[in-house]
Amino acid sequence: MFIPQITQKRLLGMVGLPVIFSMILACTGGPDGDDDQPQPSSPVSDSAPSSDPAQQSPEEQSPETEARDESASATAEPAPTAASAGDDEVAAEPAAQDAASASDGDEELAELVRQLDFTTARMRALARAEDSADSATATEYRELAGRYSAYAQELPSVREHFALLAGNQQHRNAAMAEIFQGGALTRKVMAAVIAPDVQVTDDDSEILPVVLELARALEFSDGFQPALQRHASLPPGELRQQVSDHLHRQAETDPPSYAAHIAKHVRTTDPVDLVDLLPMVTIFIQNHDMGDEQFQQDYRGILRQAAEALPEDEQLLRGQLFTAAVELQDQQFSQEIMALLGSGAADMEGLPPGWTLADIGDIQLAGEAQFIDGAFVLHAAGDSFWGNEDDISMIWRKRSGDVSMRARLDSIADVDEWGKGGISLRHSLDADAVHASILASPGDEPGYRFVLGHRDRKGGSTSNSGSHFRPLPAWIELRRSGNEVIALISSDGEEWEEFARQEIDFPDEIYVGPVLNSSIADQRGTMKLTVPLDELF
């Protein structure tokens, strides 16, 4: 069984190497185990509770017992798997999906199992066995009844392990170890935790993130459909985003296996409840040929419905929806979604599609950038944005022909009096590249000083054109028209004033975007630049 590196580190920190080693052996059936080997269950007998130290709570175990258990777990030989057991030995119990398939077609039993009501399921299975005229079918139902009986006895213990995950941290190691060693019932309870309609603990949402991580570590594919159900039932927020991230990572492990589930979910769920999944769906459509032409048409309709219904204050969802539309690489459709979303702001995880952060020149502290509440937030250091070379951070995309960018410069903070921020057009990302930039910096006069800074040839010196003082926030626009670069400024984004114009010999394709330099080599300044959605793409 493969456990991702990040998950390994987290679990090692929680459980410790000896226990993790025994847990992995239990999950895989030993060093030579098959990843597809069914997971054995451990039915609880009707006898009194075991006095085995492994079954005791951490408070009941002495230090000597704990040390002995840790040593044993690191050195014990793994139990034989069903594949290696002799013919006269009882085979390991099938995994949860096998139990479900045995009662395939019996909707009542399937629902009872899904609800973890194994006592009623046992009685129903025995009744089916008595009523069946076919001996093979009767035998199958009796076997199911026996399995459900074992599950009913195990269930309180498994519930307790999951409850420990949601409770005191000191109990979690024991709970995690038991869950890793569990069989089919453990996986059913994991699915129940992930699903929205079966409560396993007082607050299953507390342990949901842990169980999602366990599902990935155990390669528990049966948790995908319950996760889709949970996602649809959750309100927007951090927990739903965690479920969305889990679905994305799980789906990427085997896209063809999950594509049909995703397509069905998209078609049957309210578009607004889907928004944070839509970037994943777009990726599947583009990269994995998910759905036929009709589905892809339906999908665009879903994007339109979501864009019409999303309120303006849902910035993160607006950003995710717009990302999903843009990734379809259909500019006309992106413009349509933009119009439906209207003028409200958007948040995006990382930077909007097509935008990249770059450090240019001699940078001691790397730049950082986010897109929050409809604005680029750029954190950048750098010694100088002047002379023959620049030390700056820039959020850029490439544009060709006559281009422009307009934005509202909201603030520049934590910069030296020579620090500068604004919008730049650059020939390249070289430190000595030709550029033309609207730059604002703190000045001696009231407000910020705005100039059109430019380097007319590679490696040449930097000059300023124009000079304009204005308080922040202020709207700025930088245009290239032919060989001319034009700098404009506005208080409201409606009435514009040109304050500088300069001829610059740029190639057809240039770099465009926000730029910042703090003029302090070892300290980042911060600039917030609000950009209308139609300027992003």
# chains A, B, ... in the order shown; residues from 1 in each chain; ligands from 1
>>> select_by_dssp(residues="segment 240-406 of chain A", states="strand (DSSP E)", output="ChimeraX atom specification")
/A:356-360,368-372,375-380,385-386,389-390,392-400,404-406
>>> write_last_selection(atoms="C-alpha atoms", output="PDB file, in the first residue's frame")
ATOM      1  CA  THR A 356       2.558  34.217 -12.578  1.00  0.00           C
ATOM      2  CA  LEU A 357       4.747  35.745  -9.864  1.00  0.00           C
ATOM      3  CA  ALA A 358       8.403  36.379 -10.740  1.00  0.00           C
ATOM      4  CA  ASP A 359      11.338  37.854  -8.842  1.00  0.00           C
ATOM      5  CA  ILE A 360      13.506  39.994 -11.100  1.00  0.00           C
ATOM      6  CA  GLU A 368       4.674  36.607  -2.322  1.00  0.00           C
ATOM      7  CA  ALA A 369       1.296  37.217  -3.937  1.00  0.00           C
ATOM      8  CA  GLN A 370      -2.405  36.462  -3.462  1.00  0.00           C
ATOM      9  CA  PHE A 371      -5.635  37.471  -5.152  1.00  0.00           C
ATOM     10  CA  ILE A 372      -8.037  38.479  -2.371  1.00  0.00           C
ATOM     11  CA  ALA A 375      -7.256  42.583  -5.604  1.00  0.00           C
ATOM     12  CA  PHE A 376      -3.674  41.510  -6.189  1.00  0.00           C
ATOM     13  CA  VAL A 377      -1.821  41.679  -2.879  1.00  0.00           C
ATOM     14  CA  LEU A 378       1.902  41.738  -3.639  1.00  0.00           C
ATOM     15  CA  HIS A 379       4.638  41.503  -0.997  1.00  0.00           C
ATOM     16  CA  ALA A 380       8.083  42.391  -2.342  1.00  0.00           C
ATOM     17  CA  PHE A 385      13.941  50.060  -9.074  1.00  0.00           C
ATOM     18  CA  TRP A 386      16.137  52.511 -10.920  1.00  0.00           C
ATOM     19  CA  GLU A 389      18.916  47.114 -13.434  1.00  0.00           C
ATOM     20  CA  ASP A 390      15.787  46.462 -11.374  1.00  0.00           C
ATOM     21  CA  ILE A 392      11.526  43.879  -8.153  1.00  0.00           C
ATOM     22  CA  SER A 393       8.734  41.324  -7.912  1.00  0.00           C
ATOM     23  CA  MET A 394       6.158  41.269 -10.696  1.00  0.00           C
ATOM     24  CA  ILE A 395       2.859  39.459 -11.251  1.00  0.00           C
ATOM     25  CA  TRP A 396       2.753  39.027 -15.008  1.00  0.00           C
ATOM     26  CA  ARG A 397       1.031  37.615 -18.016  1.00  0.00           C
ATOM     27  CA  LYS A 398       1.988  37.961 -21.680  1.00  0.00           C
ATOM     28  CA  ARG A 399       0.007  40.134 -24.065  1.00  0.00           C
ATOM     29  CA  SER A 400       0.421  41.016 -27.745  1.00  0.00           C
ATOM     30  CA  SER A 404      -3.632  48.175 -21.622  1.00  0.00           C
ATOM     31  CA  MET A 405      -4.169  47.493 -17.947  1.00  0.00           C
ATOM     32  CA  ARG A 406      -6.215  49.552 -15.516  1.00  0.00           C
TER      33      ARG A 406
END
>>> residues_around(residues="Lys420 of chain A", least_positions_apart="4", cutoff="7 Å", atoms="only C-alpha atoms", output="list in words")
Leu439, Ala440, Ser441, Leu516, Asn517 and Ser518 of chain A
>>> closest_residue(among="A:Arg457, A:Val198, A:Ile486, A:Leu536", to="Leu351 of chain A", atoms="only C-alpha atoms")
A:Leu536
>>> atom_distance(atom1="atom CA of Val451 of chain A", atom2="atom CA of Asp373 of chain A")
27.1 Å
>>> atom_distance(atom1="atom CA of Asp106 of chain A", atom2="atom CA of Pro156 of chain A")
25.6 Å
>>> residues_around(residues="segment 122-135 of chain A", least_positions_apart="6", cutoff="10 Å", atoms="only C-alpha atoms", output="list in words")
Ser103, Asp106, Glu108, Leu109, Leu112, Val113, Tyr141, Arg142, Glu143, Leu144, Ala145, Gly146, Arg147, Tyr148, Ser149, Ala150, Tyr151 and Ala152 of chain A
>>> residues_around(residues="Met290 of chain A", least_positions_apart="2", cutoff="9 Å", atoms="only C-alpha atoms", output="MDAnalysis selection string")
chainID A and resid 255:256 259:260 263 281:282 284:288 292 295:296
>>> write_last_selection(atoms="N, CA and C atoms", output="PDB file, in the first residue's frame")
ATOM      1  N   PRO A 255      -8.431   9.019 -12.844  1.00  0.00           N
ATOM      2  CA  PRO A 255      -9.525   9.821 -13.422  1.00  0.00           C
ATOM      3  C   PRO A 255     -10.617   9.011 -14.104  1.00  0.00           C
ATOM      4  N   PRO A 256     -10.306   8.004 -14.924  1.00  0.00           N
ATOM      5  CA  PRO A 256     -11.408   7.286 -15.583  1.00  0.00           C
ATOM      6  C   PRO A 256     -12.384   6.630 -14.611  1.00  0.00           C
ATOM      7  N   ALA A 259     -14.713   9.590 -13.190  1.00  0.00           N
ATOM      8  CA  ALA A 259     -15.343  10.558 -14.090  1.00  0.00           C
ATOM      9  C   ALA A 259     -16.865  10.421 -14.095  1.00  0.00           C
ATOM     10  N   ALA A 260     -17.380   9.195 -14.130  1.00  0.00           N
ATOM     11  CA  ALA A 260     -18.830   8.993 -14.189  1.00  0.00           C
ATOM     12  C   ALA A 260     -19.499   9.494 -12.913  1.00  0.00           C
ATOM     13  N   ALA A 263     -19.555  13.314 -13.119  1.00  0.00           N
ATOM     14  CA  ALA A 263     -20.522  13.799 -14.111  1.00  0.00           C
ATOM     15  C   ALA A 263     -21.944  13.697 -13.570  1.00  0.00           C
ATOM     16  N   VAL A 281     -13.754  19.940 -12.241  1.00  0.00           N
ATOM     17  CA  VAL A 281     -14.535  19.398 -13.352  1.00  0.00           C
ATOM     18  C   VAL A 281     -13.985  19.914 -14.681  1.00  0.00           C
ATOM     19  N   THR A 282     -13.650  21.185 -14.734  1.00  0.00           N
ATOM     20  CA  THR A 282     -13.089  21.740 -15.966  1.00  0.00           C
ATOM     21  C   THR A 282     -11.783  21.048 -16.336  1.00  0.00           C
ATOM     22  N   PHE A 284     -10.943  18.019 -15.606  1.00  0.00           N
ATOM     23  CA  PHE A 284     -11.286  16.683 -16.108  1.00  0.00           C
ATOM     24  C   PHE A 284     -11.784  16.757 -17.549  1.00  0.00           C
ATOM     25  N   ILE A 285     -12.582  17.765 -17.851  1.00  0.00           N
ATOM     26  CA  ILE A 285     -13.081  17.910 -19.218  1.00  0.00           C
ATOM     27  C   ILE A 285     -11.933  18.173 -20.182  1.00  0.00           C
ATOM     28  N   GLN A 286     -11.008  19.045 -19.784  1.00  0.00           N
ATOM     29  CA  GLN A 286      -9.910  19.439 -20.671  1.00  0.00           C
ATOM     30  C   GLN A 286      -8.839  18.358 -20.785  1.00  0.00           C
ATOM     31  N   ASN A 287      -8.505  17.726 -19.662  1.00  0.00           N
ATOM     32  CA  ASN A 287      -7.352  16.817 -19.638  1.00  0.00           C
ATOM     33  C   ASN A 287      -7.704  15.343 -19.760  1.00  0.00           C
ATOM     34  N   HIS A 288      -8.941  14.991 -19.402  1.00  0.00           N
ATOM     35  CA  HIS A 288      -9.297  13.572 -19.351  1.00  0.00           C
ATOM     36  C   HIS A 288     -10.515  13.248 -20.205  1.00  0.00           C
ATOM     37  N   ASP A 292     -19.494  13.433 -22.806  1.00  0.00           N
ATOM     38  CA  ASP A 292     -19.669  13.605 -24.242  1.00  0.00           C
ATOM     39  C   ASP A 292     -19.968  15.069 -24.539  1.00  0.00           C
ATOM     40  N   PHE A 295     -22.799  16.540 -22.466  1.00  0.00           N
ATOM     41  CA  PHE A 295     -22.430  16.869 -21.093  1.00  0.00           C
ATOM     42  C   PHE A 295     -21.679  18.193 -21.046  1.00  0.00           C
ATOM     43  N   GLN A 296     -20.786  18.398 -21.986  1.00  0.00           N
ATOM     44  CA  GLN A 296     -20.008  19.634 -21.973  1.00  0.00           C
ATOM     45  C   GLN A 296     -20.890  20.850 -22.228  1.00  0.00           C
TER      46      GLN A 296
END
>>> residues_around(residues="Ile412 of chain A", least_positions_apart="2", cutoff="8 Å", atoms="only C-alpha atoms", output="PyMOL selection string")
chain A and resi 410+414-415+421+525-528
>>> write_last_selection(atoms="C-alpha atoms", output="PDB file, in the first residue's frame")
ATOM      1  CA  ASP A 410      -5.401  50.991  -2.919  1.00  0.00           C
ATOM      2  CA  ASP A 414       6.245  49.274   4.568  1.00  0.00           C
ATOM      3  CA  VAL A 415       8.426  50.721   1.847  1.00  0.00           C
ATOM      4  CA  GLY A 421       4.700  50.153  -6.916  1.00  0.00           C
ATOM      5  CA  GLY A 525       6.659  46.054   1.352  1.00  0.00           C
ATOM      6  CA  THR A 526       3.016  45.397   0.492  1.00  0.00           C
ATOM      7  CA  MET A 527       0.875  46.723  -2.345  1.00  0.00           C
ATOM      8  CA  LYS A 528      -2.847  46.157  -2.860  1.00  0.00           C
TER       9      LYS A 528
END
>>> residues_around(residues="segment 216-225 of chain A", least_positions_apart="2", cutoff="6 Å", atoms="only C-alpha atoms", output="list in words")
Ile3, Ala191, Glu213, Leu214, Ala227 and Leu228 of chain A
>>> write_last_selection(atoms="N, CA and C atoms", output="tab-separated table (two decimals), in the first residue's frame")
chain	number	residue	atom	x	y	z
A	3	ILE	N	1.52	5.06	0.83
A	3	ILE	CA	1.06	6.17	1.65
A	3	ILE	C	1.82	7.41	1.21
A	191	ALA	N	-16.71	5.37	5.87
A	191	ALA	CA	-17.65	5.89	4.88
A	191	ALA	C	-18.80	6.62	5.56
A	213	GLU	N	-8.06	12.03	5.51
A	213	GLU	CA	-6.64	11.71	5.38
A	213	GLU	C	-6.42	10.20	5.48
A	214	LEU	N	-7.14	9.55	6.40
A	214	LEU	CA	-7.06	8.09	6.48
A	214	LEU	C	-7.52	7.44	5.18
A	227	ALA	N	-18.19	11.12	0.02
A	227	ALA	CA	-17.61	12.47	0.07
A	227	ALA	C	-18.36	13.42	-0.85
A	228	LEU	N	-18.82	12.93	-2.00
A	228	LEU	CA	-19.64	13.76	-2.88
A	228	LEU	C	-20.94	14.15	-2.17
>>> atom_distance(atom1="atom CA of Ala433 of chain A", atom2="atom CA of Pro514 of chain A")
15.9 Å
>>> closest_residue(among="A:Gly182, A:Pro235, A:Pro352, A:Gly453", to="Leu425 of chain A", atoms="only C-alpha atoms")
A:Gly453
>>> residues_around(residues="segment 240-253 of chain A", least_positions_apart="5", cutoff="7 Å", atoms="only C-alpha atoms", output="ChimeraX atom specification")
/A:212,224,227,231,234-235,258,276-277,280
>>> select_by_dssp(residues="segment 181-305 of chain A", states="alpha helix (DSSP H)", output="JSON, numbers by chain")
{"A": [181, 184, 185, 186, 187, 188, 189, 190, 191, 192, 193, 194, 204, 205, 206, 207, 208, 209, 210, 211, 212, 213, 214, 215, 216, 217, 224, 225, 226, 227, 228, 229, 230, 231, 232, 233, 238, 239, 240, 241, 242, 243, 244, 245, 246, 247, 248, 249, 250, 251, 252, 253, 255, 256, 257, 258, 259, 260, 261, 262, 263, 264, 265, 266, 267, 268, 271, 272, 273, 274, 278, 279, 280, 281, 282, 283, 284, 285, 286, 287, 288, 293, 294, 295, 296, 297, 298, 299, 300, 301, 302, 303, 304, 305]}
